Amino acid sequence: MKLADVGVGKKVKVQKNSAHDYLKERFLALGLTRGAEVEVLRKGPKNNLTVYRIRGAMIALRNEESSFIEVT
Amino acid sequence: MGLTAQSVRLESLKDIYEIEKGHGQHVVALVGNPNTGKSTVFNYLTGLKQHTGNWPGKTVTSARGEYKYKGREYILVDLPGSYSLFTASKDEEVTRDFLCYGNYDAVVVVADATCLERNLNLLLQVSRLTKKAILCINLIDEAKKRNITIDRQGLENELKIPVVLTAARSGLGMDELKKAIESVSLKQGESEDLKNLSYLECGPEIREKITEQNYIYANELKKKYVKEDAGKLNRDKKIDDIITSQKYGIPIMLALLGLIFWLTVQGANLPSRVLGNFLFGLQYKLDALFKAMGVNDFIRSLLVDGAYRSLAWVVSVMLPPMAIFFPLFTLFEDLGYLPRVAFNLDHLFKKAGAHGKMCLTMCMGFGCNAAGVIGCRIIDSPRERLIAVITNNLVPCNGRFPLIIVLSAAFFAYTGTFIDSIIPALFITLMVIIGVFATLSVSYLLSGTILKGIPSTFTLELPPYRAPQLGRIIYSSIIDRTVFVLSRAAVVAAPAGAITWLLANIYVGDFSILIHAANLLEPLGRIIGLDGFILMAFIAGFPANETVIPVLLMAYMTTGRLTDFESIDSLRQILVSNGWTRLTAINAMLFSLLHWPCSTSLWTIKKETGSLKWTLAAFIIPTGIAFLVCFITAGLYRLVSG
């Protein structure tokens, strides 16, 4: 499943980071590595951004980006 | 040859990475994730007043300061916040390169105690690179509030580097930090530190493996040495459920903006009047003094009516609102509200093909557009950075705010009822909304034409809300703004006043140079609902927008109807007697909001883009919009008023 498709309030584990280049590095830096726990906190205006709790920090991602993260 | 000291180090970089240090001096680098309070640590140690704020990416260039400890001198370098040494956004590059090639004696990795797991990744990277690392776990006061406890000794034993717990805002633990810096700096002198640069050269697969390992280890460390209270963690989530909700997010934002402006306008009223009375009263004394001293009439009038009068005007009109607006703004900044604004508005920026973080650079533009332009470095994609740079000027800066405040108060709220007190605030809010709208439209057009491309990736951290330090904010931002406004008044407004006075008093034929210039501009000014004098004042305001109103007043007053400026009401009378209507006021505000950037901003744009073409675009685009918008409003007004 893609992280973008996970409903609000759910907790998932990262399986694969299939982004490329710069975005991939940024994801890794933020702690979106294999096995990382991610909680879906909230959707923003127009469902454009979603806030996730990643490694204790609140990070907002667009759907375009969170689609690169595969989770279980 | 990969990323080695030899391949990257150019002669020109020398003064950036090789900090000149004298005998017995030590260089200390401050690194850390964005928004961990590095600048606060820096300010505490050096006693400098670097601007701090609760949002990631605030420090985009490295700052430098010095302090003494036990007779030794330390040069402190505050590097831009970085999540990792592997990623390379423009500001993160500065950090990485300094850590690779800098001649530092110690590196303090500042970590956020409330988010230690993520922060440890950077520490683990840094300690692979150099043996001079110190872990400074900052914001320990915030951690305490959330019932987070950290086993310092345990971490120190495990990591085998000094670990200190600090709350830089209150000075807690800062002595221990200085001690740790001392011991690392001195130990280092004994053996040359070999930087493990090959570590940063590995391919993407290996980097992913390393990061994965780092995080597994960081998670272990957190489980072992950090105790959390899950209940307290949810405080921010609850606040954010309202502040960033789909329904209330944007209305709350607009209401807060309006409230800030209302407080600014209301609060500035009285001090403005008092300052004005005092400074203009001084004008007569100064005049009398010069007369008594037998100073030549021409010189006396040049100094008093020209230089002093515009200085007094700028100080009395600019200082009070700025001294109120900025503390309020800083308050929201320190709370951590700005990233929430970016969060709420991202969908608009995305549609316009711009970067969501443009919100933050626009907010910086409120203070000064030149600063906003430099702040655009937080935007990674070159295309979107360029859009942000070109449009930054469409946010009214420090120098243009007062014009909007004063004109809206003078023309739309002069009867003194309560409703009137809201009107200027509404006008400014409206102007800001128009500015944002113009920004989005220009971004949309640019990203659809000459700057084609798809919106780049976007990750935004919403930092935890932090209690702002009220007293310190109010004190330091009032001092900050007072110094800023006073120095601008002295350096820019006084000379501008003197020059305008000269132009108004040197005659060529029957008219002064000023009148000739105004007459020349009159037809163009009329078309856009202004007049020649106003246009001329805006041109004269190119070095600094603060001078537009004083120059304009002087130009009007020297043409015969000499009135003293005492209050908003007398300002209105001067303007009305020179043919101003509400349209003129609206268009002057719009023109001020939308017109060309000041010379400092343009120079900064040239420096940041390195391109004459884009600098020119940054001049022409807003200017074109200003003329077009004013032309349209003038036409509409004439239609309506018949």
# chains A, B, ... in the order shown; residues from 1 in each chain; ligands from 1
call {"tool": "residues_around", "arguments": {"residues": "Asp21 (chain A)", "least_positions_apart": "2", "cutoff": "12 Å", "atoms": "only C-alpha atoms", "output": "PyMOL selection string"}}
result
(chain A and resi 17-19+23-28) or (chain B and resi 86-89+203-205+207-208+457)
call {"tool": "closest_atom_pairs", "arguments": {"of": "chain A", "to": "chain B", "cutoff": "6 Å", "atoms": "only C-alpha atoms", "output": "tab-separated table"}}
result
residue	atom	partner	partner_atom	distance
A:Glu25	CA	B:Thr87	CA	5.4
A:Ala29	CA	B:Ser84	CA	5.4
A:Thr33	CA	B:Glu212	CA	5.5
A:Gly44	CA	B:Gln246	CA	5.6
A:Pro45	CA	B:Gln246	CA	4.4
A:Asn48	CA	B:His347	CA	5.9
A:Arg55	CA	B:Arg118	CA	5.7
A:Gly56	CA	B:Cys115	CA	5.4
A:Met58	CA	B:Leu462	CA	5.3
A:Ile59	CA	B:Glu461	CA	4.4
A:Ala60	CA	B:Leu460	CA	5.0
A:Leu61	CA	B:Thr459	CA	5.2
call {"tool": "atom_distance", "arguments": {"atom1": "CA of Arg383 (chain B)", "atom2": "CA of Phe437 (chain B)"}}
result
19.7 Å
call {"tool": "select_by_dssp", "arguments": {"residues": "chain A", "states": "helix (DSSP H, G or I)", "output": "ChimeraX atom specification"}}
result
/A:3-5,21-30,45-47,63-66
call {"tool": "closest_residue", "arguments": {"among": "B:Cys100, B:Tyr225, B:Ser185, B:Asp175", "to": "Leu200 (chain B)", "atoms": "only C-alpha atoms"}}
result
B:Cys100
call {"tool": "residues_around", "arguments": {"residues": "Lys21 (chain B)", "least_positions_apart": "4", "cutoff": "10 Å", "atoms": "only C-alpha atoms", "output": "VMD selection string"}}
result
chain B and resid 25 to 27 73 to 75 103 to 104
call {"tool": "residues_around", "arguments": {"residues": "Ile54 (chain A)", "least_positions_apart": "5", "cutoff": "9 Å", "atoms": "only C-alpha atoms", "output": "number ranges by chain"}}
result
A: 30-32, 36-39, 59; B: 118
call {"tool": "closest_residue", "arguments": {"among": "B:Ala617, B:Ala143, B:Ile137, B:Leu575", "to": "Ala588 (chain B)", "atoms": "only C-alpha atoms"}}
result
B:Leu575
call {"tool": "select_by_dssp", "arguments": {"residues": "chain A", "states": "strand (DSSP E)", "output": "list of chain:residue names"}}
result
A:Lys11, A:Val12, A:Lys13, A:Val14, A:Gln15, A:Lys16, A:Asn17, A:Glu37, A:Val38, A:Glu39, A:Val40, A:Leu41, A:Arg42, A:Lys43, A:Leu49, A:Thr50, A:Val51, A:Tyr52, A:Arg53, A:Ile54, A:Ala57, A:Met58, A:Ile59, A:Ala60, A:Leu61, A:Arg62, A:Ile69, A:Glu70, A:Val71
call {"tool": "write_last_selection", "arguments": {"atoms": "C-alpha atoms", "output": "PDB file, in the first residue's frame"}}
result
ATOM      1  CA  LYS A  11      -0.198   3.741  12.080  1.00  0.00           C
ATOM      2  CA  VAL A  12       1.888   1.974   9.456  1.00  0.00           C
ATOM      3  CA  LYS A  13       5.438   0.727   8.881  1.00  0.00           C
ATOM      4  CA  VAL A  14       7.602   1.808   5.952  1.00  0.00           C
ATOM      5  CA  GLN A  15       8.451  -1.020   3.598  1.00  0.00           C
ATOM      6  CA  LYS A  16      10.163   0.708   0.742  1.00  0.00           C
ATOM      7  CA  ASN A  17      11.242   4.210  -0.197  1.00  0.00           C
ATOM      8  CA  GLU A  37       6.770   3.793  12.069  1.00  0.00           C
ATOM      9  CA  VAL A  38       4.527   6.488  10.562  1.00  0.00           C
ATOM     10  CA  GLU A  39       1.282   7.811  11.979  1.00  0.00           C
ATOM     11  CA  VAL A  40      -1.169   9.664   9.741  1.00  0.00           C
ATOM     12  CA  LEU A  41      -2.290  12.714  11.704  1.00  0.00           C
ATOM     13  CA  ARG A  42      -4.402  14.993   9.531  1.00  0.00           C
ATOM     14  CA  LYS A  43      -5.290  16.165   6.044  1.00  0.00           C
ATOM     15  CA  LEU A  49      -1.085  18.073   2.306  1.00  0.00           C
ATOM     16  CA  THR A  50      -1.137  15.359   4.915  1.00  0.00           C
ATOM     17  CA  VAL A  51       0.635  15.583   8.264  1.00  0.00           C
ATOM     18  CA  TYR A  52       2.517  12.516   9.413  1.00  0.00           C
ATOM     19  CA  ARG A  53       4.299  11.767  12.644  1.00  0.00           C
ATOM     20  CA  ILE A  54       7.713  10.492  11.631  1.00  0.00           C
ATOM     21  CA  ALA A  57       8.377  15.010  14.337  1.00  0.00           C
ATOM     22  CA  MET A  58       5.343  16.291  12.437  1.00  0.00           C
ATOM     23  CA  ILE A  59       6.054  16.353   8.716  1.00  0.00           C
ATOM     24  CA  ALA A  60       3.640  17.497   6.002  1.00  0.00           C
ATOM     25  CA  LEU A  61       3.853  15.825   2.596  1.00  0.00           C
ATOM     26  CA  ARG A  62       1.887  16.227  -0.611  1.00  0.00           C
ATOM     27  CA  ILE A  69       6.548   5.429   0.168  1.00  0.00           C
ATOM     28  CA  GLU A  70       5.270   1.897   0.357  1.00  0.00           C
ATOM     29  CA  VAL A  71       3.927   0.814   3.701  1.00  0.00           C
TER      30      VAL A  71
END
call {"tool": "atom_distance", "arguments": {"atom1": "CA of Trp603 (chain B)", "atom2": "CA of Cys368 (chain B)"}}
result
13.3 Å
call {"tool": "residues_around", "arguments": {"residues": "Ile434 (chain B)", "least_positions_apart": "6", "cutoff": "10 Å", "atoms": "only C-alpha atoms", "output": "list in words"}}
result
Leu394, Val395, Ile428, Leu440, Leu590, Leu593 and Leu594 of chain B
call {"tool": "write_last_selection", "arguments": {"atoms": "C-alpha atoms", "output": "compact mmCIF listing (two decimals), in the first residue's frame"}}
result
# COMPACT_ATOMS: atom_id res chain seq x y z
CA LEU B 394 4.76 42.15 -3.84
CA VAL B 395 4.67 41.84 -0.05
CA ILE B 428 -3.82 46.74 5.24
CA LEU B 440 0.16 33.93 -7.00
CA LEU B 590 -1.77 50.02 -4.55
CA LEU B 593 2.32 47.77 -2.74
CA LEU B 594 2.98 46.69 -6.30
call {"tool": "residues_around", "arguments": {"residues": "Ile299 (chain B)", "least_positions_apart": "4", "cutoff": "12 Å", "atoms": "only C-alpha atoms", "output": "MDAnalysis selection string"}}
result
chainID B and resid 287 290:291 294:295 303:307 498 501:502 505
call {"tool": "write_last_selection", "arguments": {"atoms": "C-alpha atoms", "output": "tab-separated table (two decimals), in the first residue's frame"}}
result
chain	number	residue	atom	x	y	z
B	287	ASP	CA	15.30	76.90	13.53
B	290	PHE	CA	20.34	78.40	13.76
B	291	LYS	CA	18.98	81.93	13.43
B	294	GLY	CA	23.63	83.55	12.35
B	295	VAL	CA	23.56	80.62	9.97
B	303	LEU	CA	18.91	71.64	7.13
B	304	VAL	CA	15.73	72.38	9.05
B	305	ASP	CA	12.96	72.36	6.44
B	306	GLY	CA	14.65	69.77	4.28
B	307	ALA	CA	16.72	67.28	6.22
B	498	ALA	CA	17.73	67.80	1.85
B	501	TRP	CA	14.40	70.71	-0.65
B	502	LEU	CA	17.22	71.71	-2.98
B	505	ASN	CA	14.25	75.65	-4.27
call {"tool": "atom_distance", "arguments": {"atom1": "CA of Ile632 (chain B)", "atom2": "CA of Gly525 (chain B)"}}
result
13.2 Å
call {"tool": "closest_residue", "arguments": {"among": "B:Asn35, B:Ser381, B:Asn138, B:Thr46", "to": "Tyr69 (chain B)", "atoms": "only C-alpha atoms"}}
result
B:Thr46
call {"tool": "residues_around", "arguments": {"residues": "Leu426 (chain B)", "least_positions_apart": "2", "cutoff": "12 Å", "atoms": "only C-alpha atoms", "output": "PDB file with N, CA and C atoms, in the first residue's frame"}}
result
ATOM      1  N   LEU B 254      -6.541  34.720   8.559  1.00  0.00           N
ATOM      2  CA  LEU B 254      -6.915  36.081   8.160  1.00  0.00           C
ATOM      3  C   LEU B 254      -7.307  36.919   9.372  1.00  0.00           C
ATOM      4  N   ALA B 255      -8.029  36.291  10.299  1.00  0.00           N
ATOM      5  CA  ALA B 255      -8.444  37.020  11.496  1.00  0.00           C
ATOM      6  C   ALA B 255      -7.227  37.453  12.311  1.00  0.00           C
ATOM      7  N   LEU B 256      -6.256  36.572  12.429  1.00  0.00           N
ATOM      8  CA  LEU B 256      -5.049  36.913  13.186  1.00  0.00           C
ATOM      9  C   LEU B 256      -4.292  38.056  12.515  1.00  0.00           C
ATOM     10  N   LEU B 257      -4.199  37.981  11.186  1.00  0.00           N
ATOM     11  CA  LEU B 257      -3.518  39.034  10.437  1.00  0.00           C
ATOM     12  C   LEU B 257      -4.211  40.373  10.680  1.00  0.00           C
ATOM     13  N   GLY B 258      -5.546  40.360  10.568  1.00  0.00           N
ATOM     14  CA  GLY B 258      -6.316  41.575  10.799  1.00  0.00           C
ATOM     15  C   GLY B 258      -6.119  42.100  12.214  1.00  0.00           C
ATOM     16  N   LEU B 259      -6.101  41.171  13.173  1.00  0.00           N
ATOM     17  CA  LEU B 259      -5.929  41.561  14.572  1.00  0.00           C
ATOM     18  C   LEU B 259      -4.563  42.218  14.786  1.00  0.00           C
ATOM     19  N   ILE B 260      -3.533  41.642  14.203  1.00  0.00           N
ATOM     20  CA  ILE B 260      -2.192  42.216  14.340  1.00  0.00           C
ATOM     21  C   ILE B 260      -2.184  43.645  13.799  1.00  0.00           C
ATOM     22  N   PHE B 261      -2.784  43.824  12.629  1.00  0.00           N
ATOM     23  CA  PHE B 261      -2.792  45.158  12.025  1.00  0.00           C
ATOM     24  C   PHE B 261      -3.620  46.130  12.852  1.00  0.00           C
ATOM     25  N   TRP B 262      -4.729  45.635  13.387  1.00  0.00           N
ATOM     26  CA  TRP B 262      -5.582  46.511  14.192  1.00  0.00           C
ATOM     27  C   TRP B 262      -4.820  46.991  15.429  1.00  0.00           C
ATOM     28  N   LEU B 263      -4.166  46.050  16.107  1.00  0.00           N
ATOM     29  CA  LEU B 263      -3.383  46.419  17.283  1.00  0.00           C
ATOM     30  C   LEU B 263      -2.278  47.405  16.903  1.00  0.00           C
ATOM     31  N   THR B 264      -1.685  47.182  15.737  1.00  0.00           N
ATOM     32  CA  THR B 264      -0.616  48.061  15.279  1.00  0.00           C
ATOM     33  C   THR B 264      -1.127  49.481  15.078  1.00  0.00           C
ATOM     34  N   VAL B 265      -2.221  49.595  14.324  1.00  0.00           N
ATOM     35  CA  VAL B 265      -2.745  50.919  14.009  1.00  0.00           C
ATOM     36  C   VAL B 265      -3.225  51.629  15.271  1.00  0.00           C
ATOM     37  N   ILE B 404       0.723  52.819   3.793  1.00  0.00           N
ATOM     38  CA  ILE B 404      -0.613  52.238   3.709  1.00  0.00           C
ATOM     39  C   ILE B 404      -1.415  52.574   4.973  1.00  0.00           C
ATOM     40  N   ILE B 405      -0.778  52.443   6.123  1.00  0.00           N
ATOM     41  CA  ILE B 405      -1.466  52.747   7.385  1.00  0.00           C
ATOM     42  C   ILE B 405      -1.939  54.189   7.401  1.00  0.00           C
ATOM     43  N   SER B 408      -4.651  55.078   4.648  1.00  0.00           N
ATOM     44  CA  SER B 408      -5.978  54.506   4.902  1.00  0.00           C
ATOM     45  C   SER B 408      -6.616  55.181   6.110  1.00  0.00           C
ATOM     46  N   ALA B 409      -5.793  55.532   7.102  1.00  0.00           N
ATOM     47  CA  ALA B 409      -6.341  56.242   8.266  1.00  0.00           C
ATOM     48  C   ALA B 409      -6.816  57.632   7.860  1.00  0.00           C
ATOM     49  N   PHE B 412      -9.981  57.145   5.055  1.00  0.00           N
ATOM     50  CA  PHE B 412     -11.139  56.281   5.244  1.00  0.00           C
ATOM     51  C   PHE B 412     -11.577  56.183   6.693  1.00  0.00           C
ATOM     52  N   ALA B 413     -10.853  56.815   7.587  1.00  0.00           N
ATOM     53  CA  ALA B 413     -11.208  56.696   8.996  1.00  0.00           C
ATOM     54  C   ALA B 413     -10.769  57.928   9.744  1.00  0.00           C
ATOM     55  N   ILE B 419     -15.717  52.088  14.575  1.00  0.00           N
ATOM     56  CA  ILE B 419     -15.663  51.448  13.260  1.00  0.00           C
ATOM     57  C   ILE B 419     -14.454  51.965  12.497  1.00  0.00           C
ATOM     58  N   ASP B 420     -14.189  53.264  12.691  1.00  0.00           N
ATOM     59  CA  ASP B 420     -13.056  53.861  11.993  1.00  0.00           C
ATOM     60  C   ASP B 420     -11.738  53.214  12.381  1.00  0.00           C
ATOM     61  N   SER B 421     -11.673  52.739  13.623  1.00  0.00           N
ATOM     62  CA  SER B 421     -10.407  52.160  14.055  1.00  0.00           C
ATOM     63  C   SER B 421     -10.148  50.841  13.356  1.00  0.00           C
ATOM     64  N   ILE B 422     -11.211  50.234  12.832  1.00  0.00           N
ATOM     65  CA  ILE B 422     -11.038  48.946  12.160  1.00  0.00           C
ATOM     66  C   ILE B 422     -10.626  49.148  10.708  1.00  0.00           C
ATOM     67  N   ILE B 423     -11.036  50.279  10.148  1.00  0.00           N
ATOM     68  CA  ILE B 423     -10.844  50.467   8.709  1.00  0.00           C
ATOM     69  C   ILE B 423      -9.384  50.384   8.241  1.00  0.00           C
ATOM     70  N   PRO B 424      -8.465  51.107   8.898  1.00  0.00           N
ATOM     71  CA  PRO B 424      -7.075  50.969   8.418  1.00  0.00           C
ATOM     72  C   PRO B 424      -6.594  49.528   8.474  1.00  0.00           C
ATOM     73  N   ILE B 428      -5.131  47.377   5.333  1.00  0.00           N
ATOM     74  CA  ILE B 428      -3.822  46.738   5.241  1.00  0.00           C
ATOM     75  C   ILE B 428      -3.972  45.261   4.967  1.00  0.00           C
ATOM     76  N   THR B 429      -4.944  44.635   5.666  1.00  0.00           N
ATOM     77  CA  THR B 429      -5.185  43.218   5.418  1.00  0.00           C
ATOM     78  C   THR B 429      -5.554  43.014   3.957  1.00  0.00           C
ATOM     79  N   LEU B 430      -6.406  43.894   3.462  1.00  0.00           N
ATOM     80  CA  LEU B 430      -6.816  43.810   2.063  1.00  0.00           C
ATOM     81  C   LEU B 430      -5.607  43.960   1.140  1.00  0.00           C
ATOM     82  N   MET B 431      -4.747  44.927   1.460  1.00  0.00           N
ATOM     83  CA  MET B 431      -3.556  45.152   0.633  1.00  0.00           C
ATOM     84  C   MET B 431      -2.674  43.906   0.629  1.00  0.00           C
ATOM     85  N   VAL B 432      -2.533  43.290   1.813  1.00  0.00           N
ATOM     86  CA  VAL B 432      -1.705  42.083   1.885  1.00  0.00           C
ATOM     87  C   VAL B 432      -2.334  40.974   1.043  1.00  0.00           C
ATOM     88  N   ILE B 433      -3.675  40.872   1.109  1.00  0.00           N
ATOM     89  CA  ILE B 433      -4.348  39.850   0.311  1.00  0.00           C
ATOM     90  C   ILE B 433      -4.152  40.134  -1.180  1.00  0.00           C
TER      91      ILE B 433
END
